[in-house]
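The file target03.txt comes next; it holds compact mmCIF, C-alpha atoms.
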# COMPACT_ATOMS: atom_id res chain seq x y z
CA MET K 1 41.00 5.31 -9.78
CA THR K 2 38.74 8.28 -10.36
CA THR K 3 37.11 6.52 -13.31
CA GLU K 4 36.56 3.40 -11.21
CA ASN K 5 34.97 5.43 -8.43
CA SER K 6 32.70 7.27 -10.79
CA ASN K 7 31.72 3.95 -12.37
CA ASN K 8 30.86 2.52 -8.95
CA MET K 9 28.88 5.61 -8.09
CA SER K 10 26.88 5.47 -11.30
CA GLU K 11 26.19 1.77 -10.64
CA ASP K 12 24.94 2.57 -7.14
CA VAL K 13 22.55 5.16 -8.51
CA HIS K 14 21.01 2.66 -10.93
CA GLN K 15 20.76 -0.32 -8.58
CA PRO K 16 18.65 -0.87 -5.47
CA SER K 17 20.72 -0.62 -2.30
CA TYR K 18 20.19 -1.40 1.39
CA LYS K 19 21.05 2.20 2.21
CA LEU K 20 18.29 3.58 -0.03
CA ASP K 21 15.76 1.12 1.45
CA PHE K 22 16.62 2.14 5.03
CA MET K 23 16.62 5.86 4.15
CA THR K 24 13.15 5.51 2.59
CA PHE K 25 11.95 3.66 5.70
CA GLY K 26 13.34 6.44 7.91
CA PHE K 27 11.58 9.17 5.91
CA LEU K 28 8.30 7.20 5.99
CA LEU K 29 8.50 6.93 9.79
CA ILE K 30 9.23 10.64 10.16
CA LEU K 31 6.32 11.52 7.86
CA THR K 32 3.99 9.19 9.82
CA ALA K 33 4.96 10.95 13.07
CA LEU K 34 4.49 14.30 11.32
CA THR K 35 0.99 13.46 10.07
CA ILE K 36 -0.11 12.39 13.59
CA TRP K 37 1.36 15.53 15.13
CA ALA K 38 -0.23 17.72 12.41
CA SER K 39 -3.65 16.18 13.03
CA TYR K 40 -3.47 17.21 16.70
CA ALA K 41 -2.02 20.62 15.89
CA THR K 42 -4.70 21.45 13.32
CA GLY K 43 -7.74 19.87 14.97
CA GLY K 44 -8.08 16.86 12.68
CA THR K 45 -11.14 17.84 10.67
CA THR K 46 -10.47 21.32 9.32
CA VAL K 47 -9.78 21.87 5.61
CA LEU K 48 -6.19 22.68 6.56
CA ALA K 49 -5.89 19.42 8.55
CA VAL K 50 -7.21 17.31 5.67
CA SER K 51 -5.00 19.12 3.14
CA ILE K 52 -1.90 18.54 5.28
CA ALA K 53 -2.81 14.88 5.92
CA MET K 54 -3.40 14.19 2.20
CA THR K 55 -0.22 16.05 1.17
CA ILE K 56 1.89 14.01 3.63
CA ALA K 57 0.14 10.79 2.53
CA THR K 58 0.93 11.61 -1.12
CA ILE K 59 4.60 12.30 -0.29
CA LYS K 60 4.72 8.94 1.54
CA ALA K 61 3.02 7.17 -1.38
CA SER K 62 5.51 8.74 -3.81
CA LEU K 63 8.44 7.53 -1.70
CA VAL K 64 7.00 4.00 -1.71
CA VAL K 65 6.41 4.02 -5.49
CA ILE K 66 9.75 5.59 -6.44
CA ASN K 67 12.08 3.81 -4.01
CA PHE K 68 10.39 0.67 -2.67
CA MET K 69 8.61 -0.22 -5.92
CA HIS K 70 11.85 0.63 -7.76
CA LEU K 71 10.21 2.94 -10.29
CA ARG K 72 13.42 4.99 -9.95
CA PHE K 73 15.36 2.12 -11.56
CA ASP K 74 12.71 1.14 -14.11
CA ASN K 75 12.51 1.83 -17.79
CA ILE K 76 11.10 5.23 -18.83
CA VAL K 77 8.03 3.43 -20.23
CA TYR K 78 6.91 2.48 -16.68
CA LYS K 79 7.44 6.05 -15.47
CA ILE K 80 5.25 7.44 -18.26
CA PHE K 81 2.74 4.65 -17.65
CA VAL K 82 2.43 5.47 -13.93
CA GLY K 83 2.39 9.23 -14.62
CA VAL K 84 -0.48 8.91 -17.14
CA VAL K 85 -2.50 6.73 -14.75
CA ILE K 86 -2.02 9.22 -11.88
CA VAL K 87 -3.19 12.11 -14.09
CA LEU K 88 -6.20 10.07 -15.29
CA PHE K 89 -7.07 8.99 -11.76
CA LEU K 90 -6.86 12.54 -10.39
CA SER K 91 -8.96 13.80 -13.34
CA PHE K 92 -11.71 11.29 -12.56
CA MET K 93 -11.64 12.23 -8.89
CA LEU K 94 -11.77 15.94 -9.73
CA MET K 95 -14.63 15.48 -12.22
CA MET K 96 -16.64 13.53 -9.66
CA ALA K 97 -15.92 16.12 -6.96
CA VAL K 98 -16.98 19.02 -9.19
CA ASP K 99 -20.09 17.13 -10.30
CA TYR K 100 -21.05 16.44 -6.68
CA ALA K 101 -20.29 19.95 -5.43
CA TYR K 102 -22.47 21.68 -8.08
CA ARG K 103 -25.27 19.12 -8.24
CA MET H 1 -3.21 -33.23 -36.72
CA GLU H 2 0.11 -31.55 -37.22
CA HIS H 3 2.00 -30.25 -34.20
CA TYR H 4 4.16 -27.21 -34.34
CA LYS H 5 7.15 -26.66 -32.13
CA VAL H 6 7.99 -23.09 -31.18
CA PRO H 7 11.73 -22.50 -31.53
CA ASN H 8 13.46 -22.05 -28.12
CA SER H 9 10.19 -22.86 -26.36
CA GLY H 10 10.58 -22.97 -22.60
CA HIS H 11 13.74 -20.95 -22.61
CA ASN H 12 12.43 -17.47 -23.26
CA ARG H 13 11.29 -15.20 -20.47
CA ASP H 14 9.31 -12.01 -20.84
CA ASP H 15 10.11 -10.24 -17.60
CA GLU H 16 9.13 -6.83 -18.94
CA GLY H 17 5.76 -8.17 -20.08
CA LYS H 18 5.09 -9.79 -16.70
CA LYS H 19 6.06 -6.64 -14.86
CA MET H 20 3.91 -4.48 -17.15
CA GLY H 21 1.01 -6.88 -16.55
CA MET H 22 1.47 -6.53 -12.80
CA TRP H 23 1.47 -2.73 -12.99
CA LEU H 24 -1.72 -2.87 -15.08
CA PHE H 25 -3.32 -5.06 -12.42
CA LEU H 26 -2.21 -2.63 -9.71
CA PHE H 27 -3.91 0.20 -11.60
CA THR H 28 -7.21 -1.71 -11.46
CA GLU H 29 -6.69 -2.10 -7.71
CA ILE H 30 -6.15 1.65 -7.39
CA LEU H 31 -9.41 2.23 -9.29
CA LEU H 32 -11.20 -0.19 -6.94
CA PHE H 33 -10.05 1.64 -3.83
CA GLY H 34 -10.34 5.01 -5.61
CA GLY H 35 -14.08 4.44 -5.98
CA LEU H 36 -14.34 3.69 -2.27
CA PHE H 37 -12.36 6.81 -1.40
CA LEU H 38 -14.85 8.80 -3.50
CA VAL H 39 -17.76 7.29 -1.56
CA TYR H 40 -15.94 8.20 1.66
CA ALA H 41 -15.38 11.79 0.46
CA VAL H 42 -19.02 12.28 -0.51
CA TYR H 43 -20.39 10.92 2.78
CA ARG H 44 -17.85 12.83 4.80
CA PHE H 45 -18.93 16.02 3.03
CA GLN H 46 -22.58 15.15 3.66
CA PHE H 47 -22.22 14.04 7.31
CA PHE H 48 -19.26 16.14 8.37
CA ASP H 49 -20.12 16.44 12.09
CA GLN H 50 -21.30 12.84 12.47
CA PHE H 51 -18.07 11.52 10.95
CA LYS H 52 -16.12 13.56 13.51
CA VAL H 53 -18.19 12.26 16.45
CA ILE H 54 -17.95 8.57 15.55
CA ALA H 55 -14.24 8.85 14.64
CA GLU H 56 -13.59 9.50 18.35
CA HIS H 57 -14.00 5.72 18.80
CA MET H 58 -10.99 5.02 16.58
CA ASN H 59 -7.82 4.07 18.42
CA ILE H 60 -5.03 6.27 17.01
CA THR H 61 -2.32 4.27 18.80
CA MET H 62 -3.48 0.99 17.21
CA GLY H 63 -3.70 2.68 13.80
CA ALA H 64 -0.22 4.18 14.22
CA ILE H 65 1.26 0.83 15.29
CA ASN H 66 -0.28 -0.85 12.24
CA THR H 67 1.11 1.92 10.03
CA VAL H 68 4.62 1.34 11.39
CA ILE H 69 4.17 -2.45 10.99
CA LEU H 70 3.18 -2.07 7.33
CA ILE H 71 6.00 0.39 6.57
CA ALA H 72 8.46 -2.00 8.24
CA SER H 73 7.06 -4.89 6.16
CA SER H 74 7.50 -2.82 3.00
CA LEU H 75 11.11 -2.26 4.05
CA THR H 76 11.75 -5.99 4.57
CA VAL H 77 10.24 -6.82 1.16
CA ALA H 78 12.33 -4.12 -0.55
CA LEU H 79 15.45 -5.36 1.30
CA SER H 80 14.71 -8.96 0.28
CA ILE H 81 14.63 -7.96 -3.41
CA THR H 82 17.85 -5.99 -2.95
CA ALA H 83 19.41 -9.02 -1.23
CA MET H 84 18.37 -11.33 -4.11
CA LYS H 85 19.84 -8.90 -6.63
CA LYS H 86 23.10 -9.03 -4.69
CA GLY H 87 22.92 -12.85 -4.70
CA ASN H 88 22.23 -13.23 -0.96
CA ASN H 89 19.32 -15.70 -1.11
CA LYS H 90 19.47 -16.71 2.58
CA LEU H 91 19.11 -13.11 3.75
CA ALA H 92 16.26 -12.61 1.28
CA VAL H 93 14.35 -15.60 2.68
CA LEU H 94 14.94 -14.41 6.26
CA LEU H 95 13.59 -10.97 5.35
CA LEU H 96 10.54 -12.53 3.68
CA PHE H 97 9.81 -14.54 6.83
CA MET H 98 10.07 -11.28 8.79
CA THR H 99 7.54 -9.75 6.39
CA LEU H 100 5.13 -12.63 7.00
CA ALA H 101 5.53 -12.15 10.76
CA LEU H 102 4.80 -8.44 10.40
CA ALA H 103 1.75 -9.21 8.23
CA ALA H 104 0.48 -11.57 10.93
CA GLY H 105 1.11 -8.85 13.54
CA PHE H 106 -0.90 -6.40 11.45
CA LEU H 107 -3.85 -8.80 11.17
CA VAL H 108 -3.78 -9.69 14.89
CA ASN H 109 -3.77 -5.99 15.75
CA LYS H 110 -6.73 -5.46 13.40
CA TYR H 111 -8.55 -8.41 14.94
CA PHE H 112 -8.27 -6.88 18.42
CA GLU H 113 -9.35 -3.51 17.08
CA TRP H 114 -12.42 -4.91 15.32
CA THR H 115 -13.47 -7.13 18.24
CA ASN H 116 -13.17 -4.12 20.56
CA HIS H 117 -15.57 -2.14 18.33
CA ILE H 118 -17.92 -5.11 17.97
CA ASP H 119 -17.95 -5.67 21.76
CA HIS H 120 -19.10 -2.06 22.13
CA GLY H 121 -21.98 -2.78 19.74
CA LEU H 122 -20.45 -0.79 16.91
CA PHE H 123 -21.22 -3.30 14.18
CA MET H 124 -24.01 -3.58 11.63
CA GLY H 125 -27.13 -5.14 13.15
CA ASN H 126 -26.30 -4.41 16.81
CA ASP H 127 -28.72 -2.30 18.85
CA VAL H 128 -26.08 0.37 19.57
CA PHE H 129 -25.27 0.56 15.86
CA ASN H 130 -28.96 0.84 14.90
CA GLU H 131 -29.38 3.84 17.18
CA LEU H 132 -26.47 5.73 15.61
CA ALA H 133 -27.07 8.67 13.29
CA ARG H 134 -26.97 7.79 9.58
CA GLY H 135 -23.57 9.40 9.00
CA GLU H 136 -22.05 7.61 11.98
CA GLY H 137 -23.30 4.27 10.67
CA MET H 138 -21.97 5.12 7.22
CA PHE H 139 -18.53 5.91 8.65
CA LEU H 140 -18.43 2.55 10.47
CA PHE H 141 -19.68 0.68 7.41
CA LEU H 142 -16.96 2.25 5.27
CA TYR H 143 -14.39 1.58 8.00
CA TYR H 144 -15.23 -2.14 8.11
CA PHE H 145 -15.55 -2.44 4.35
CA MET H 146 -12.35 -0.61 3.41
CA THR H 147 -10.12 -1.94 6.17
CA GLY H 148 -11.65 -5.41 5.64
CA LEU H 149 -10.92 -5.29 1.90
CA HIS H 150 -7.43 -4.06 2.74
CA GLY H 151 -7.05 -6.95 5.21
CA ILE H 152 -7.96 -9.42 2.44
CA HIS H 153 -5.18 -7.84 0.36
CA VAL H 154 -2.76 -8.37 3.26
CA ILE H 155 -3.70 -12.08 3.31
CA VAL H 156 -3.34 -12.42 -0.49
CA GLY H 157 0.01 -10.59 -0.35
CA SER H 158 1.20 -12.94 2.40
CA VAL H 159 0.27 -15.98 0.30
CA LEU H 160 2.21 -14.52 -2.65
CA LEU H 161 5.27 -13.89 -0.46
CA ALA H 162 5.04 -17.43 0.96
CA MET H 163 5.08 -18.65 -2.66
CA VAL H 164 8.19 -16.55 -3.26
CA ILE H 165 9.92 -18.23 -0.29
CA TYR H 166 8.96 -21.67 -1.65
CA LYS H 167 10.22 -20.80 -5.12
CA ILE H 168 13.53 -19.51 -3.74
CA TYR H 169 13.96 -22.79 -1.82
CA LYS H 170 13.22 -24.74 -5.00
CA GLY H 171 15.70 -22.62 -6.96
CA LYS H 172 12.96 -21.33 -9.28
CA ILE H 173 13.68 -17.76 -8.24
CA ASN H 174 17.29 -16.85 -8.61
CA GLN H 175 19.26 -13.89 -9.88
CA PRO H 176 18.53 -12.68 -12.58
CA ASN H 177 15.18 -14.51 -12.75
CA LEU H 178 13.44 -12.42 -10.07
CA VAL H 179 10.29 -11.20 -11.77
CA PHE H 180 7.89 -13.24 -9.60
CA HIS H 181 9.60 -11.95 -6.47
CA GLU H 182 9.53 -8.38 -7.80
CA ASN H 183 5.84 -8.62 -8.78
CA ALA H 184 4.88 -10.05 -5.37
CA GLY H 185 6.85 -7.14 -3.86
CA LEU H 186 4.94 -4.66 -6.04
CA TYR H 187 1.66 -6.10 -4.76
CA TRP H 188 2.86 -5.85 -1.16
CA HIS H 189 3.88 -2.23 -1.58
CA LEU H 190 0.42 -1.47 -3.00
CA VAL H 191 -1.06 -2.84 0.22
CA ASP H 192 1.16 -0.40 2.12
CA LEU H 193 0.23 2.41 -0.29
CA ILE H 194 -3.51 1.99 0.34
CA TRP H 195 -3.00 1.96 4.11
CA ILE H 196 -1.05 5.22 3.87
CA TYR H 197 -4.34 6.88 2.83
CA LEU H 198 -6.67 4.81 5.02
CA PHE H 199 -4.81 5.74 8.21
CA PRO H 200 -5.36 9.53 8.20
CA LEU H 201 -8.88 9.26 6.76
CA PHE H 202 -10.20 6.92 9.46
CA TYR H 203 -7.96 7.43 12.47
CA LEU H 204 -6.90 11.06 12.51
CA LEU H 205 -10.35 12.73 12.54
CA HIS H 206 -10.55 13.86 16.10
I'd like the structure from this file rewritten - as structure tokens, please.
Amino acid sequence: MTTENSNNMSEDVHQPSYKLDFMTFGFLLILTALTIWASYATGGTTVLAVSIAMTIATIKASLVVINFMHLRFDNIVYKIFVGVVIVLFLSFMLMMAVDYAYR
Amino acid sequence: MEHYKVPNSGHNRDDEGKKMGMWLFLFTEILLFGGLFLVYAVYRFQFFDQFKVIAEHMNITMGAINTVILIASSLTVALSITAMKKGNNKLAVLLLFMTLALAAGFLVNKYFEWTNHIDHGLFMGNDVFNELARGEGMFLFLYYFMTGLHGIHVIVGSVLLAMVIYKIYKGKINQPNLVFHENAGLYWHLVDLIWIYLFPLFYLLH
């Protein structure tokens, strides 16, 4: 019985489920409400406001990629692939920003 | 001329290859929008106050509604893939139709938003637009360009999802042969992903 339960549980973890989809949706809605509230609370255009907005957006994007795009269930190769691209992308953005700021 | 027959031709599938190809394509899309986000960042830095002034014209409620619509459409796509994996094709098709309805809702909302701005003269070439400060015009140009490009992606994504529905009806997509459905879903989630960044950058600068 215990073995069967643990098998079912391990299957659930490695397969998409309705519950996970709805939970992700719920978190995304909460984070959307939070980002709107934060923009009013911080004035919208301050450095703090932008930092908070971008942090929340990145958390939302991560939830979409990991749960909705099923990266959680994918082969390790895809995870490395996405990780490398994110690092490359952020490096390009940073290099451009530094170049612009000190030009 | 001699013809060669590939053994097992027509019976092999390369799902991993197709999925990898889709991810590669999505990375090029991220680079496309990434470049635009850089342009936005530079002009925002340059015209900080003007961006803030013109952003007052953005309708936060409309933006928020569209955000919820896109998140809900991402949910229905994810649920449809889950349903297919569990062998529930009818539910999957229903969810895909719901996604198409949400996509249409998003575009209608955007249409009203754009026409409202255009009616107020806030479009390239109008007298009101021509009298705006350079940074204000730049903000509006980027707004139309980026949300317009995003809108085109919504339309392309909808066509892909309509093709998924057709293929499910025809029995061409069926468990475990779901890679087309999954790839269309990946594209749709990318559309959602881009909007997640567009929303705070254009609507929440007040």
Polymer residues at most 10 Å from (-5.1, 4.1, 9.3) by all atoms listed in the file, as a PyMOL selection string:
chain H and resi 58-67+143+147+194-204
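Close contacts of segment 111-123 of chain H, defined as residues with an atom at most 10 Å away when counting all atoms listed in the file, with chain neighbours fewer than 2 positions off set aside, comprise Ile54, His57, Met58, Asn59, Met62, Gly63, Gly105, Phe106, Leu107, Val108, Asn109, Gly125, Asn126, Asp127, Val128, Phe129, Asn130, Leu132, Glu136, Gly137, Leu140, Phe141, Tyr143, Tyr144, Thr147, Gly148 and Gly151 of chain H.
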Restrict the calculation to all atoms listed in the file, then for each residue of chain H with any atom at most 8 Å from an atom of chain K give the closest atom pair and their distance in Å to one decimal, rows by chain and rising residue number, as CSV.
residue,atom,partner,partner_atom,distance
H:Met20,CA,K:Tyr78,CA,7.6
H:Phe27,CA,K:Val85,CA,7.4
H:Leu31,CA,K:Phe89,CA,7.6
H:Leu38,CA,K:Met93,CA,7.1
H:Val42,CA,K:Tyr100,CA,7.7
H:Lys52,CA,K:Thr45,CA,7.2
H:Ala64,CA,K:Thr32,CA,7.9
H:Thr67,CA,K:Thr32,CA,7.8
H:Val68,CA,K:Leu29,CA,7.0
H:Ile71,CA,K:Phe25,CA,6.8
H:Ala72,CA,K:Phe25,CA,7.1
H:Ser74,CA,K:Phe68,CA,7.3
H:Leu75,CA,K:Phe25,CA,6.2
H:Ala78,CA,K:Phe68,CA,5.6
H:Leu79,CA,K:Tyr18,CA,6.2
H:Thr82,CA,K:Pro16,CA,5.8
H:Gly185,CA,K:Met69,CA,7.4
H:Leu186,CA,K:Met69,CA,5.8
H:His189,CA,K:Met69,CA,6.7
H:Leu193,CA,K:Ala61,CA,5.6
H:Ile196,CA,K:Ala57,CA,5.9
H:Tyr197,CA,K:Ala57,CA,6.0
H:Pro200,CA,K:Ala53,CA,6.4
H:Leu204,CA,K:Gly44,CA,5.9
H:Leu205,CA,K:Gly44,CA,4.7
H:His206,CA,K:Gly44,CA,5.2
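Considering only C-alpha atoms, the residue among H:Ser158, H:Met22, H:Met124, H:Arg134 positioned nearest to Met98 of chain H is H:Ser158.
Rounded to one decimal, atom CA of Leu71 of chain K and atom CA of Tyr169 of chain H lie 27.3 Å from each other.
Nearest to Leu94 of chain H of all the residues H:Phe48, H:Tyr187, H:Gln175, H:Thr76 is H:Thr76, counting only C-alpha atoms.
Note that the spacing between atom CA of Ala83 of chain H and atom CA of Ile66 of chain K amounts to 18.3 Å.
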Give me the residues near Ala103 of chain H as JSON, numbers by chain, where near means some atom within 8 Å (using all atoms listed in the file) and where sequence neighbours in that chain fewer than 4 positions away do not count.
{"H": [69, 70, 73, 99, 107, 154, 155, 158]}
Output the selection as an mmCIF file, in the coordinates of the input - C-alpha atoms for each residue.
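Output file selection.cif is given in full below:
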data_model
loop_
_atom_site.group_PDB
_atom_site.id
_atom_site.type_symbol
_atom_site.label_atom_id
_atom_site.label_comp_id
_atom_site.auth_asym_id
_atom_site.auth_seq_id
_atom_site.Cartn_x
_atom_site.Cartn_y
_atom_site.Cartn_z
ATOM 1 C CA ILE H 69 4.170 -2.450 10.990
ATOM 2 C CA LEU H 70 3.180 -2.070 7.330
ATOM 3 C CA SER H 73 7.060 -4.890 6.160
ATOM 4 C CA THR H 99 7.540 -9.750 6.390
ATOM 5 C CA LEU H 107 -3.850 -8.800 11.170
ATOM 6 C CA VAL H 154 -2.760 -8.370 3.260
ATOM 7 C CA ILE H 155 -3.700 -12.080 3.310
ATOM 8 C CA SER H 158 1.200 -12.940 2.400
#
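Atom CA of Thr55 of chain K lies 15.8 Å from atom CA of Ala41 of chain H.
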Of the listed residues H:Val77, H:Ala101, H:Met163, H:Met146, that which approaches Phe180 of chain H most closely, counting only C-alpha atoms:
H:Met163
So which one's closest to Ile81 of chain H, H:Gly157, H:Gly171, H:Pro176, H:Gly135? Using only C-alpha atoms, please.
H:Pro176
